[in-house]
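Q: Structure file upload_24.pdb, PDB, C-alpha atoms, is pasted below:
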ATOM      1  CA  MET H   1     -16.535  38.441  26.678
ATOM      2  CA  VAL H   2     -17.428  38.459  23.020
ATOM      3  CA  PHE H   3     -18.545  34.842  22.577
ATOM      4  CA  TYR H   4     -20.465  34.386  25.831
ATOM      5  CA  ASP H   5     -24.002  33.374  24.839
ATOM      6  CA  PRO H   6     -25.237  30.664  27.261
ATOM      7  CA  THR H   7     -28.834  30.877  26.011
ATOM      8  CA  GLY H   8     -27.959  30.445  22.332
ATOM      9  CA  GLU H   9     -29.904  33.503  21.151
ATOM     10  CA  ARG H  10     -27.066  35.009  19.145
ATOM     11  CA  TYR H  11     -25.322  31.943  17.675
ATOM     12  CA  GLY H  12     -28.085  29.316  17.678
ATOM     13  CA  LEU H  13     -26.257  27.076  20.173
ATOM     14  CA  PRO H  14     -25.123  27.981  23.656
ATOM     15  CA  THR H  15     -21.706  29.530  23.008
ATOM     16  CA  TYR H  16     -18.777  30.022  25.333
ATOM     17  CA  PRO H  17     -15.353  31.609  24.977
ATOM     18  CA  PHE H  18     -12.235  29.432  24.913
ATOM     19  CA  LYS H  19     -11.681  27.667  28.282
ATOM     20  CA  PHE H  20     -15.039  28.801  29.709
ATOM     21  CA  ALA H  21     -17.198  25.755  28.954
ATOM     22  CA  PRO H  22     -19.254  24.449  31.889
ATOM     23  CA  ASP H  23     -18.534  21.090  33.500
ATOM     24  CA  GLY H  24     -20.152  18.099  31.835
ATOM     25  CA  LEU H  25     -19.566  19.337  28.276
ATOM     26  CA  LEU H  26     -16.596  17.953  26.348
ATOM     27  CA  THR H  27     -15.176  18.182  22.833
ATOM     28  CA  ARG H  28     -14.764  15.085  20.650
ATOM     29  CA  ARG H  29     -11.062  15.007  21.444
ATOM     30  CA  GLN H  30     -11.721  15.158  25.186
ATOM     31  CA  LEU H  31     -14.260  12.348  24.846
ATOM     32  CA  ARG H  32     -11.735  10.283  22.885
ATOM     33  CA  THR H  33      -9.134  10.573  25.668
ATOM     34  CA  ARG H  34     -11.714   9.030  27.999
ATOM     35  CA  ASN H  35     -12.446   6.235  25.482
ATOM     36  CA  LEU H  36     -15.894   7.663  24.751
ATOM     37  CA  ARG H  37     -17.723   8.860  21.633
ATOM     38  CA  PRO H  38     -20.675  11.234  21.162
ATOM     39  CA  GLY H  39     -22.957   8.307  20.337
ATOM     40  CA  GLY H  40     -25.260  10.083  17.895
ATOM     41  CA  GLN H  41     -26.119  13.044  20.076
ATOM     42  CA  ASP H  42     -26.275  16.513  18.582
ATOM     43  CA  PRO H  43     -23.862  19.149  19.900
ATOM     44  CA  ALA H  44     -25.118  20.658  23.142
ATOM     45  CA  ALA H  45     -22.996  23.821  22.891
ATOM     46  CA  GLN H  46     -19.953  25.285  21.189
ATOM     47  CA  ILE H  47     -16.747  27.100  21.995
ATOM     48  CA  MET H  48     -15.640  29.977  19.773
ATOM     49  CA  TRP H  49     -12.258  31.689  19.668
ATOM     50  CA  ARG H  50      -9.948  33.575  17.299
ATOM     51  CA  ARG H  51     -12.534  36.175  16.399
ATOM     52  CA  GLY H  52     -15.132  33.502  15.638
ATOM     53  CA  LYS H  53     -12.990  31.721  13.051
ATOM     54  CA  ARG H  54     -12.447  28.674  15.262
ATOM     55  CA  VAL H  55     -15.315  26.578  16.616
ATOM     56  CA  ALA H  56     -15.361  23.385  18.663
ATOM     57  CA  TYR H  57     -18.604  21.590  19.385
ATOM     58  CA  LEU H  58     -19.333  20.337  22.868
ATOM     59  CA  PHE H  59     -21.171  17.141  23.753
ATOM     60  CA  ARG H  60     -22.776  16.044  27.003
ATOM     61  CA  LEU H  61     -20.649  13.650  29.012
ATOM     62  CA  ASP H  62     -23.662  11.854  30.522
ATOM     63  CA  LEU H  63     -24.949  10.885  27.035
ATOM     64  CA  ALA H  64     -21.562   9.765  25.682
ATOM     65  CA  MET H  65     -21.094   6.090  24.855
ATOM     66  CA  PRO H  66     -18.020   3.832  24.984
ATOM     67  CA  LYS H  67     -15.861   3.677  21.878
ATOM     68  CA  ARG H  68     -16.554   0.712  19.646
ATOM     69  CA  THR H  69     -13.822  -1.848  19.088
ATOM     70  CA  ALA H  70     -13.140  -3.661  15.844
ATOM     71  CA  THR H  71     -14.237  -7.282  15.540
ATOM     72  CA  PRO H  72     -11.606  -9.962  14.876
ATOM     73  CA  ALA H  73     -12.773 -10.174  11.236
ATOM     74  CA  GLN H  74     -12.372  -6.407  10.819
ATOM     75  CA  ARG H  75      -8.896  -6.539  12.359
ATOM     76  CA  ALA H  76      -7.923  -9.344   9.981
ATOM     77  CA  ALA H  77      -9.171  -7.325   6.999
ATOM     78  CA  ILE H  78      -7.195  -4.278   8.165
ATOM     79  CA  ASP H  79      -4.045  -6.367   8.593
ATOM     80  CA  LYS H  80      -4.521  -7.869   5.130
ATOM     81  CA  ALA H  81      -4.995  -4.421   3.567
ATOM     82  CA  LEU H  82      -1.931  -3.002   5.316
ATOM     83  CA  THR H  83       0.177  -5.989   4.231
ATOM     84  CA  ALA H  84      -0.932  -5.536   0.607
ATOM     85  CA  ARG H  85      -0.073  -1.880   0.803
TER      86      ARG H  85
END
Render the structure in this file as structure tokens.

A:
Amino acid sequence: MVFYDPTGERYGLPTYPFKFAPDGLLTRRQLRTRNLRPGGQDPAAQIMWRRGKRVAYLFRLDLAMPKRTATPAQRAAIDKALTAR
């Protein structure tokens, strides 16, 4: 496995090949499907594939926070902007 570096010595962050990330680490997209966001945390690890040209950062699930929702005033402003458009 080319991109297997769980200690982070070679790439600076713990690095795993595609589909080999440990449980408890999720990408932004995976967090979004669970209605979560990284919440300011730094990436805990990364996944590399396609000869190192593709990288996805992984975040800890236990530190993730719920997605924020827009306030009624923000929703009204968005509606007004879309109507003007």

Q: For segment 22-32 of chain H, find every residue with an atom within 10 Å (counting all atoms listed in the file), except residues of its own chain fewer than 6 positions away, and show them as a VMD selection string.

A: chain H and resid 6 16 38 43 to 47 56 to 67

Q: Find the residue from H:Thr69, H:Phe3, H:Gly39, H:Ala84 that sits nearest to Arg51 of chain H; use all atoms listed in the file when measuring.

A: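 Result for the nearest residue to Arg51 of chain H: H:Phe3.
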
Q: For the PyMOL selection byres ((chain H and resi 2) around 10), applied here, can you spell out every residue it catches as a list in words?

A: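 Selected by the PyMOL selection byres ((chain H and resi 2) around 10) here: Met1, Phe3, Tyr4, Asp5, Thr15, Tyr16, Pro17, Met48, Trp49, Arg51 and Gly52 of chain H.
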
Q: Quick one: distance from atom CA of Ala70 of chain H to atom CA of Gln41 of chain H in Å, one decimal?

A: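 Value for the atom CA of Ala70 of chain H-atom CA of Gln41 of chain H distance: 21.6 Å.
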
Q: Calculate how many Å separate atom CA of Asn35 of chain H from atom CA of Ala81 of chain H, rounding to one decimal.

A: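 Atom CA of Ala81 of chain H lies at a distance of 25.5 Å from atom CA of Asn35 of chain H.
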
Q: State, in Å with one decimal place, the distance from atom CA of Arg34 of chain H to atom CA of Arg68 of chain H.

A: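 Calculated distance between atom CA of Arg34 of chain H and atom CA of Arg68 of chain H is 12.7 Å.
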